[in-house]
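Here is structure.cif, consisting of mmCIF, C-alpha atoms:
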```
data_my_file
loop_
_atom_site.label_atom_id
_atom_site.label_comp_id
_atom_site.auth_asym_id
_atom_site.auth_seq_id
_atom_site.Cartn_x
_atom_site.Cartn_y
_atom_site.Cartn_z
CA MET A 224 49.35 15.70 23.42
CA HIS A 225 51.82 18.32 22.32
CA THR A 226 50.88 21.58 20.55
CA VAL A 227 53.26 23.78 18.63
CA GLN A 228 52.10 27.23 17.60
CA VAL A 229 53.59 28.46 14.33
CA GLY A 230 52.91 31.99 13.14
CA THR A 231 52.58 33.18 9.56
CA PRO A 232 53.12 36.71 8.22
CA HIS A 233 50.18 36.37 5.82
CA SER A 234 46.52 37.18 6.38
CA PRO A 235 44.31 34.10 6.98
CA LYS A 236 42.51 34.33 3.59
CA SER A 237 45.53 35.13 1.42
CA ASP A 238 47.35 32.88 -1.01
CA GLY A 239 50.48 33.05 1.12
CA ALA A 240 48.64 31.65 4.15
CA ARG A 241 47.28 28.83 2.00
CA ASP A 242 50.78 27.99 0.73
CA SER A 243 52.20 28.01 4.27
CA LEU A 244 49.47 25.62 5.44
CA GLU A 245 50.15 23.19 2.61
CA LEU A 246 53.87 23.38 3.37
CA LEU A 247 53.31 22.55 7.04
CA ARG A 248 51.05 19.65 6.18
CA ASP A 249 53.85 18.22 4.07
CA TRP A 250 56.63 18.78 6.62
CA VAL A 251 54.97 17.65 9.87
CA PRO A 252 54.20 14.06 8.79
CA GLN A 253 57.78 13.68 7.55
CA ALA A 254 59.12 14.90 10.89
CA MET A 255 56.96 12.42 12.85
CA GLU A 256 57.63 9.33 10.78
CA GLY A 257 59.88 7.81 13.48
CA VAL A 258 57.26 8.10 16.25
CA PRO A 259 55.09 4.94 16.35
CA GLY A 260 51.34 5.46 16.67
CA ALA A 261 51.55 9.24 16.40
CA GLU A 262 48.55 11.17 15.08
CA ILE A 263 49.31 14.49 13.43
CA ALA A 264 47.06 17.42 12.51
CA VAL A 265 47.62 21.00 11.47
CA GLY A 266 44.85 23.29 12.67
CA GLY A 267 44.32 26.95 13.34
CA LYS A 268 42.40 29.75 11.69
CA VAL A 269 44.02 29.28 8.30
CA ALA A 270 43.39 25.54 8.29
CA GLN A 271 39.81 25.96 9.48
CA GLY A 272 38.92 28.34 6.67
CA LEU A 273 40.63 26.26 4.00
CA ASP A 274 39.13 22.96 5.17
CA PHE A 275 35.64 24.42 5.45
CA THR A 276 35.86 25.84 1.94
CA GLY A 277 37.10 22.51 0.61
CA HIS A 278 34.22 20.71 2.30
CA LEU A 279 31.72 23.07 0.66
CA GLU A 280 33.34 22.61 -2.73
CA ASP A 281 33.07 18.84 -2.39
CA ARG A 282 29.39 18.98 -1.42
CA MET A 283 28.29 21.77 -3.77
CA PRO A 284 27.76 19.55 -6.87
CA TRP A 285 25.49 17.27 -4.86
CA VAL A 286 23.43 20.16 -3.48
CA VAL A 287 23.15 21.89 -6.85
CA GLY A 288 22.24 18.64 -8.59
CA PHE A 289 19.57 17.83 -6.01
CA VAL A 290 17.98 21.29 -6.28
CA LEU A 291 17.96 21.20 -10.09
CA LEU A 292 16.57 17.67 -10.24
CA LEU A 293 13.85 18.40 -7.70
CA THR A 294 12.91 21.59 -9.56
CA PHE A 295 12.73 19.77 -12.89
CA VAL A 296 10.57 16.92 -11.56
CA THR A 297 8.23 19.30 -9.73
CA MET A 298 7.72 21.55 -12.75
CA VAL A 299 7.08 18.60 -15.05
CA LEU A 300 4.46 17.19 -12.68
CA ILE A 301 2.73 20.56 -12.27
CA PHE A 302 2.70 21.83 -15.86
CA ARG A 303 3.15 18.55 -17.80
CA SER A 304 5.75 20.31 -19.91
CA LEU A 305 9.46 19.69 -20.41
CA ALA A 306 9.90 23.13 -21.96
CA VAL A 307 8.50 24.93 -18.92
CA ALA A 308 10.68 22.86 -16.58
CA LEU A 309 13.87 23.46 -18.56
CA SER A 310 13.17 27.16 -19.02
CA ALA A 311 12.53 27.54 -15.27
CA ILE A 312 15.93 26.05 -14.48
CA LEU A 313 17.66 28.18 -17.10
CA LEU A 314 16.10 31.47 -16.00
CA ASN A 315 16.72 30.82 -12.31
CA LEU A 316 20.35 29.99 -13.03
CA LEU A 317 20.65 33.28 -14.90
CA SER A 318 19.35 35.33 -11.98
CA THR A 319 21.55 33.44 -9.50
CA ALA A 320 24.64 33.88 -11.68
CA ALA A 321 23.88 37.59 -11.99
CA SER A 322 23.81 37.94 -8.20
CA PHE A 323 27.19 36.20 -7.98
CA GLY A 324 28.54 38.69 -10.48
CA VAL A 325 27.28 41.58 -8.36
CA LEU A 326 28.99 40.10 -5.29
CA VAL A 327 32.30 39.80 -7.12
CA ALA A 328 32.05 43.33 -8.50
CA VAL A 329 31.20 44.89 -5.13
CA PHE A 330 33.24 42.89 -2.62
CA GLN A 331 36.33 41.90 -4.58
CA HIS A 332 37.03 45.47 -5.69
CA THR A 333 37.48 48.69 -3.74
CA TRP A 334 35.00 51.03 -5.46
CA ALA A 335 32.12 50.21 -3.06
CA GLU A 336 34.05 50.49 0.22
CA GLY A 337 33.00 54.08 0.84
CA LEU A 338 29.43 53.44 -0.26
CA LEU A 339 28.85 50.44 2.02
CA ASP A 340 31.38 51.39 4.73
CA PHE A 341 33.54 48.24 4.86
CA HIS A 342 37.15 47.18 4.39
CA ASN A 343 37.63 45.05 1.31
CA SER A 344 39.28 41.66 1.94
CA GLY A 345 39.35 40.72 -1.74
CA ALA A 346 37.13 37.66 -1.28
CA VAL A 347 33.54 36.52 -0.79
CA VAL A 348 32.68 34.55 2.35
CA SER A 349 33.10 30.85 1.58
CA TRP A 350 29.65 29.73 2.78
CA LEU A 351 27.76 32.46 0.94
CA PRO A 352 27.62 31.12 -2.67
CA LEU A 353 25.98 27.83 -1.72
CA PHE A 354 23.62 29.53 0.72
CA LEU A 355 22.61 32.14 -1.86
CA PHE A 356 22.05 29.50 -4.52
CA VAL A 357 19.57 27.55 -2.41
CA VAL A 358 17.67 30.60 -1.14
CA LEU A 359 17.57 32.44 -4.47
CA PHE A 360 16.49 29.37 -6.38
CA GLY A 361 13.54 28.92 -4.04
CA LEU A 362 12.52 32.58 -4.25
CA SER A 363 12.88 32.64 -8.04
CA MET A 364 10.79 29.49 -8.40
CA ASP A 365 8.03 31.20 -6.43
CA TYR A 366 7.92 34.00 -9.00
CA HIS A 367 8.21 31.63 -11.93
CA VAL A 368 5.40 29.28 -10.92
CA PHE A 369 3.06 32.19 -10.22
CA VAL A 370 3.70 33.94 -13.55
CA VAL A 371 3.66 30.79 -15.71
CA SER A 372 0.44 29.63 -14.04
CA ARG A 373 -1.31 32.85 -15.10
CA ILE A 374 0.02 32.45 -18.65
CA ARG A 375 -1.11 28.84 -18.85
CA GLU A 376 -4.59 29.66 -17.54
CA THR A 377 -5.02 32.30 -20.24
CA ALA A 378 -3.75 29.94 -22.93
CA GLN A 379 -6.17 27.24 -21.83
CA ASN A 380 -9.02 29.70 -22.32
CA GLY A 381 -8.17 29.84 -26.02
CA ALA A 382 -5.78 32.77 -26.35
CA THR A 383 -2.75 32.69 -28.61
CA VAL A 384 0.66 32.26 -27.03
CA LYS A 385 1.54 35.92 -27.53
CA ASP A 386 -1.75 37.11 -26.04
CA ALA A 387 -1.49 34.60 -23.19
CA VAL A 388 2.01 35.81 -22.32
CA ARG A 389 0.90 39.44 -22.41
CA GLU A 390 -2.16 38.74 -20.26
CA GLY A 391 -0.27 36.54 -17.80
CA ILE A 392 2.50 39.07 -17.28
CA THR A 393 -0.04 41.88 -16.85
CA ARG A 394 -2.16 39.94 -14.35
CA SER A 395 0.83 38.95 -12.21
CA ALA A 396 2.80 42.21 -12.46
CA GLY A 397 1.24 43.83 -9.40
CA VAL A 398 1.83 40.89 -7.06
CA VAL A 399 5.35 40.22 -8.33
CA THR A 400 6.36 43.88 -8.10
CA SER A 401 4.94 44.31 -4.61
CA ALA A 402 6.67 41.19 -3.30
CA ALA A 403 9.95 42.24 -4.92
CA ILE A 404 9.81 45.70 -3.35
CA VAL A 405 9.26 44.22 0.10
CA MET A 406 12.06 41.65 -0.21
CA VAL A 407 14.56 44.10 -1.70
CA GLY A 408 13.83 46.54 1.11
CA VAL A 409 14.28 43.90 3.80
CA PHE A 410 17.45 42.43 2.30
CA SER A 411 18.97 45.87 1.80
CA ILE A 412 18.91 46.38 5.56
CA PHE A 413 21.52 43.62 5.88
CA GLY A 414 23.80 45.69 3.66
CA THR A 415 23.90 48.42 6.30
CA LEU A 416 25.20 46.14 9.09
CA SER A 417 28.82 46.23 10.25
CA MET A 418 29.84 42.63 9.55
CA VAL A 419 31.04 41.96 6.03
CA GLU A 420 29.26 38.60 5.93
CA PHE A 421 25.88 40.26 6.45
CA LYS A 422 26.71 42.97 3.92
CA GLN A 423 27.49 40.37 1.29
CA LEU A 424 24.34 38.42 2.14
CA GLY A 425 22.10 41.48 1.91
CA VAL A 426 23.63 42.81 -1.31
CA GLY A 427 23.51 39.39 -2.98
CA LEU A 428 19.88 38.72 -2.08
CA ALA A 429 18.65 42.24 -2.90
CA ALA A 430 20.45 42.33 -6.25
CA ALA A 431 19.19 38.89 -7.23
CA ILE A 432 15.54 39.66 -6.41
CA LEU A 433 15.72 43.01 -8.21
CA LEU A 434 17.25 41.50 -11.34
CA ASP A 435 14.89 38.55 -11.26
CA ALA A 436 11.72 40.65 -10.97
CA VAL A 437 12.72 43.44 -13.38
CA VAL A 438 14.82 41.70 -16.04
CA ILE A 439 14.08 37.97 -15.95
CA ARG A 440 10.31 37.98 -15.35
CA ALA A 441 9.50 41.15 -17.30
CA PHE A 442 11.70 40.67 -20.38
CA VAL A 443 13.49 37.32 -20.66
CA LEU A 444 10.58 35.05 -19.67
CA PRO A 445 8.00 36.64 -22.03
CA ALA A 446 10.48 36.68 -24.91
CA LEU A 447 11.40 33.03 -24.36
CA MET A 448 7.83 31.78 -24.10
CA THR A 449 6.76 33.81 -27.14
CA ALA A 450 9.63 32.38 -29.17
CA LEU A 451 8.80 28.80 -28.13
CA GLY A 452 5.17 29.20 -29.14
CA LYS A 453 3.14 26.00 -28.96
CA TRP A 454 6.22 24.10 -27.78
CA ASN A 455 5.82 25.70 -24.35
CA TRP A 456 3.38 22.95 -23.39
CA TRP A 457 5.18 20.01 -25.02
CA PRO A 458 4.64 17.08 -24.54
CA GLY A 459 1.27 18.14 -23.14
CA ASP A 460 -1.57 19.68 -25.12
CA ARG A 461 0.14 21.67 -27.88
CA SER A 462 -3.23 22.75 -29.23
CA THR A 463 -3.54 25.22 -26.32
CA GLY A 464 -3.63 28.77 -27.58
CA ARG A 465 -6.03 28.70 -30.55
CA GLY A 466 -6.97 32.31 -29.99
CA ASP A 467 -7.87 33.04 -33.62
CA GLN A 468 -10.63 30.47 -33.74
CA HIS A 469 -11.91 31.56 -30.35
CA ALA A 470 -12.00 35.21 -31.39
CA THR A 471 -13.75 34.64 -34.74
CA GLY A 472 -16.23 32.15 -33.35
CA SER A 473 -15.66 29.45 -35.96
CA ASP A 474 -17.87 26.42 -36.31
CA ASP A 475 -15.25 24.21 -34.62
CA THR A 476 -15.31 26.18 -31.36
CA ARG A 477 -18.91 27.48 -31.38
CA GLN A 478 -20.98 25.88 -28.66
CA LEU A 479 -24.22 24.36 -29.89
CA ARG A 480 -27.41 25.12 -28.02
CA PRO A 481 -29.11 22.07 -26.61
CA VAL A 482 -32.47 21.28 -28.18
CA PRO A 483 -35.12 21.17 -25.44
CA ALA A 484 -37.12 18.01 -25.05
CA ALA A 485 -40.78 17.86 -25.94
CA PRO A 486 -43.21 18.58 -23.10
CA PRO A 487 -44.87 15.59 -21.45
CA HIS A 488 -48.30 14.40 -22.51
CA TYR A 489 -51.00 15.17 -19.99
CA ALA A 490 -53.59 12.60 -19.14
CA GLY A 491 -56.85 13.16 -20.96
CA ALA A 492 -55.38 15.24 -23.77
CA GLN A 493 -56.77 14.13 -27.11
CA HIS A 494 -54.51 16.03 -29.44
CA GLN A 495 -50.93 17.13 -28.61
CA GLN A 496 -49.60 20.11 -30.51
CA PRO A 497 -46.08 19.68 -31.89
CA TYR A 498 -43.31 21.44 -29.96
CA THR A 499 -41.76 23.69 -32.59
CA ASN A 500 -40.42 26.84 -30.87
CA ARG A 501 -37.04 27.10 -29.04
CA GLN A 502 -38.38 28.25 -25.68
CA SER A 503 -38.11 25.92 -22.77
CA TYR A 504 -41.17 24.23 -21.34
CA ALA A 505 -40.65 26.04 -18.08
CA ASP A 506 -40.92 29.37 -19.84
CA GLN A 507 -44.14 28.29 -21.51
#
```
Would it be possible to restate this file's structure as structure tokens?
Amino acid sequence: MHTVQVGTPHSPKSDGARDSLELLRDWVPQAMEGVPGAEIAVGGKVAQGLDFTGHLEDRMPWVVGFVLLLTFVTMVLIFRSLAVALSAILLNLLSTAASFGVLVAVFQHTWAEGLLDFHNSGAVVSWLPLFLFVVLFGLSMDYHVFVVSRIRETAQNGATVKDAVREGITRSAGVVTSAAIVMVGVFSIFGTLSMVEFKQLGVGLAAAILLDAVVIRAFVLPALMTALGKWNWWPGDRSTGRGDQHATGSDDTRQLRPVPAAPPHYAGAQHQQPYTNRQSYADQ
């Protein structure tokens, strides 16, 4: 085995370092063509970072597809609704994309260096996007299932879609807000650490949870479900939410009182009086 160390004047994560690596990987095989049975590899810090990022890029579509498919199937089985499943995926993608935008704005520009006390490298850590996607999607689904369950329970009790959304958001607001405050506080601690990787992790998680709890669950989700109306529960029971009939007490929804059965005949009674009043025999 023979090792040749070749230096580069570029930083490991720069475009110049990437170009120098690709140039070496083209030159070295050509130089070793006359050596039979030779195995050639170009390693080092630059190669390690580039190869690891390439591996993540190759696997990311499979991971994202698996998470989205599992989420869709689970939501359909729980709520029996394609609309709820599709809206859950859409809203969670929005909150995750918003956190990625925050990461780019904070860590690929220099305006937050003094605020967070770090030196900007102009890039986000390669493993962070995939890691954040998986974690944030799970946390967002926790919120979504909890809120939509409260809305569906209210709708099944006969409320209109608008009233069910208002009641469901109100009933779940305290729990969602409390959990969001705790998680944002915990994740923000990572933003105070010295390593840039932990800073990016903490800022990304805290921003995503804050946006998800304040914007997505409080504004976007209610607006979307109100606009969909009865189609929220398609292809399930679209009749859910007949709040007007329930409120007015129409004949279709009024519960009929059961007519009590006639009292039994006692032995030795010659004449049995007809049972005409509506009181139960036990009360008599």
Can you give me, as a short mmCIF file (atom, residue, chain, number, x, y, z; two decimals) with C-alpha atoms, in the coordinates of the input, the residues this file yields under the PyMOL selection byres ((chain A and resi 226-231) around 10)?
```cif
data_model
loop_
_atom_site.label_atom_id
_atom_site.label_comp_id
_atom_site.auth_asym_id
_atom_site.auth_seq_id
_atom_site.Cartn_x
_atom_site.Cartn_y
_atom_site.Cartn_z
CA MET A 224 49.35 15.70 23.42
CA HIS A 225 51.82 18.32 22.32
CA PRO A 232 53.12 36.71 8.22
CA HIS A 233 50.18 36.37 5.82
CA SER A 234 46.52 37.18 6.38
CA PRO A 235 44.31 34.10 6.98
CA GLY A 239 50.48 33.05 1.12
CA ALA A 240 48.64 31.65 4.15
CA SER A 243 52.20 28.01 4.27
CA LEU A 244 49.47 25.62 5.44
CA LEU A 247 53.31 22.55 7.04
CA ALA A 264 47.06 17.42 12.51
CA VAL A 265 47.62 21.00 11.47
CA GLY A 266 44.85 23.29 12.67
CA GLY A 267 44.32 26.95 13.34
CA VAL A 269 44.02 29.28 8.30
#
```
Could you make a table, as a tab-separated table, of the residues of stretch 363-437 of chain A that have an atom within 10 Å of an atom of stretch 294-313 of chain A, each with its nearest atom pair and distance in Å to one decimal, counting all atoms listed in the file, in chain and number order?
```
residue	atom	partner	partner_atom	distance
A:Ser363	CA	A:Ala311	CA	8.9
A:Met364	CA	A:Ala311	CA	7.4
A:His367	CA	A:Ala311	CA	6.8
A:Val368	CA	A:Met298	CA	8.3
A:Val371	CA	A:Val307	CA	8.3
A:Ser372	CA	A:Phe302	CA	8.3
A:Arg375	CA	A:Phe302	CA	8.5
```
Selection to disk with C-alpha atoms, as an mmCIF file, in the frame of the given file:
```cif
data_model
loop_
_atom_site.group_PDB
_atom_site.id
_atom_site.type_symbol
_atom_site.label_atom_id
_atom_site.label_comp_id
_atom_site.auth_asym_id
_atom_site.auth_seq_id
_atom_site.Cartn_x
_atom_site.Cartn_y
_atom_site.Cartn_z
ATOM 1 C CA SER A 363 12.880 32.640 -8.040
ATOM 2 C CA MET A 364 10.790 29.490 -8.400
ATOM 3 C CA HIS A 367 8.210 31.630 -11.930
ATOM 4 C CA VAL A 368 5.400 29.280 -10.920
ATOM 5 C CA VAL A 371 3.660 30.790 -15.710
ATOM 6 C CA SER A 372 0.440 29.630 -14.040
ATOM 7 C CA ARG A 375 -1.110 28.840 -18.850
#
```
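If you count all atoms listed in the file and ignore residues fewer than 5 places along the chain from A:Met448, what sits within 8 Å of it is Val384, Val388 and Asn455 of chain A.
One finds atom CA of A:Val347 at 7.3 Å from atom CA of A:Leu326.
Neighbouring residues of stretch 278-284 of chain A at 8 Å or closer, counting all atoms listed in the file and skipping chain neighbours under 3 positions away, are Asp274, Phe275, Val287, Gly288, Ser349, Trp350 and Leu353 of chain A.
By all atoms listed in the file, and with residues fewer than 5 positions from A:Phe354 along its chain excluded, the set lying at most 12 Å from it is Leu279, Met283, Val286, Val287, Thr319, Phe323, Val348, Ser349, Leu359, Phe360, Gly361, Glu420, Gln423, Leu424, Gly427 and Leu428 of chain A.
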Can you pull out the residues contacting A:Ile404? Cut-off 10 Å, using only C-alpha atoms, and skip same-chain residues under 4 positions away; I want them as number ranges by chain.
A: 399-400, 408-409, 429, 432-433, 436
Give, as AutoDock Vina command-line options, the centre coordinates and the x, y and z edge lengths in Å to one decimal for an axis-aligned box around all listed atoms of stretch 391-401 of chain A, padded by 8 Å on each side.
```
--center_x 2.1 --center_y 40.4 --center_z -11.2 --size_x 24.5 --size_y 23.8 --size_z 29.2
```
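Relative to atom CA of A:Asp386, atom CA of A:Gly452 is found at 11.0 Å.
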From the set A:Val251, A:Ala403, A:Val258, A:Leu292, which residue has the shortest atom-to-atom contact distance to A:Arg440, counting all atoms listed in the file?
A:Ala403
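Considering the residues A:Val398, A:Ala335, A:Leu351, A:Val290 and counting all atoms listed in the file, A:Val370 has its shortest atom-to-atom contact with A:Val398.
Reported to one decimal place, the separation of atom CA of A:Ala378 from atom CA of A:Leu444 is 15.6 Å.
Within 10 Å of A:Gly425, once all atoms listed in the file are used and residues closer than 6 positions along the same chain are dropped, the contacting residues are Val407, Gly408, Val409, Phe410, Ser411, Ile412, Phe413, Gly414, Thr415, Leu416, Val419 and Ala431 of chain A.
Among A:Asn315, A:Phe330, A:Lys453, A:Met418, the residue with the shortest atom-to-atom distance to A:Ala382, counting only C-alpha atoms, is A:Lys453.
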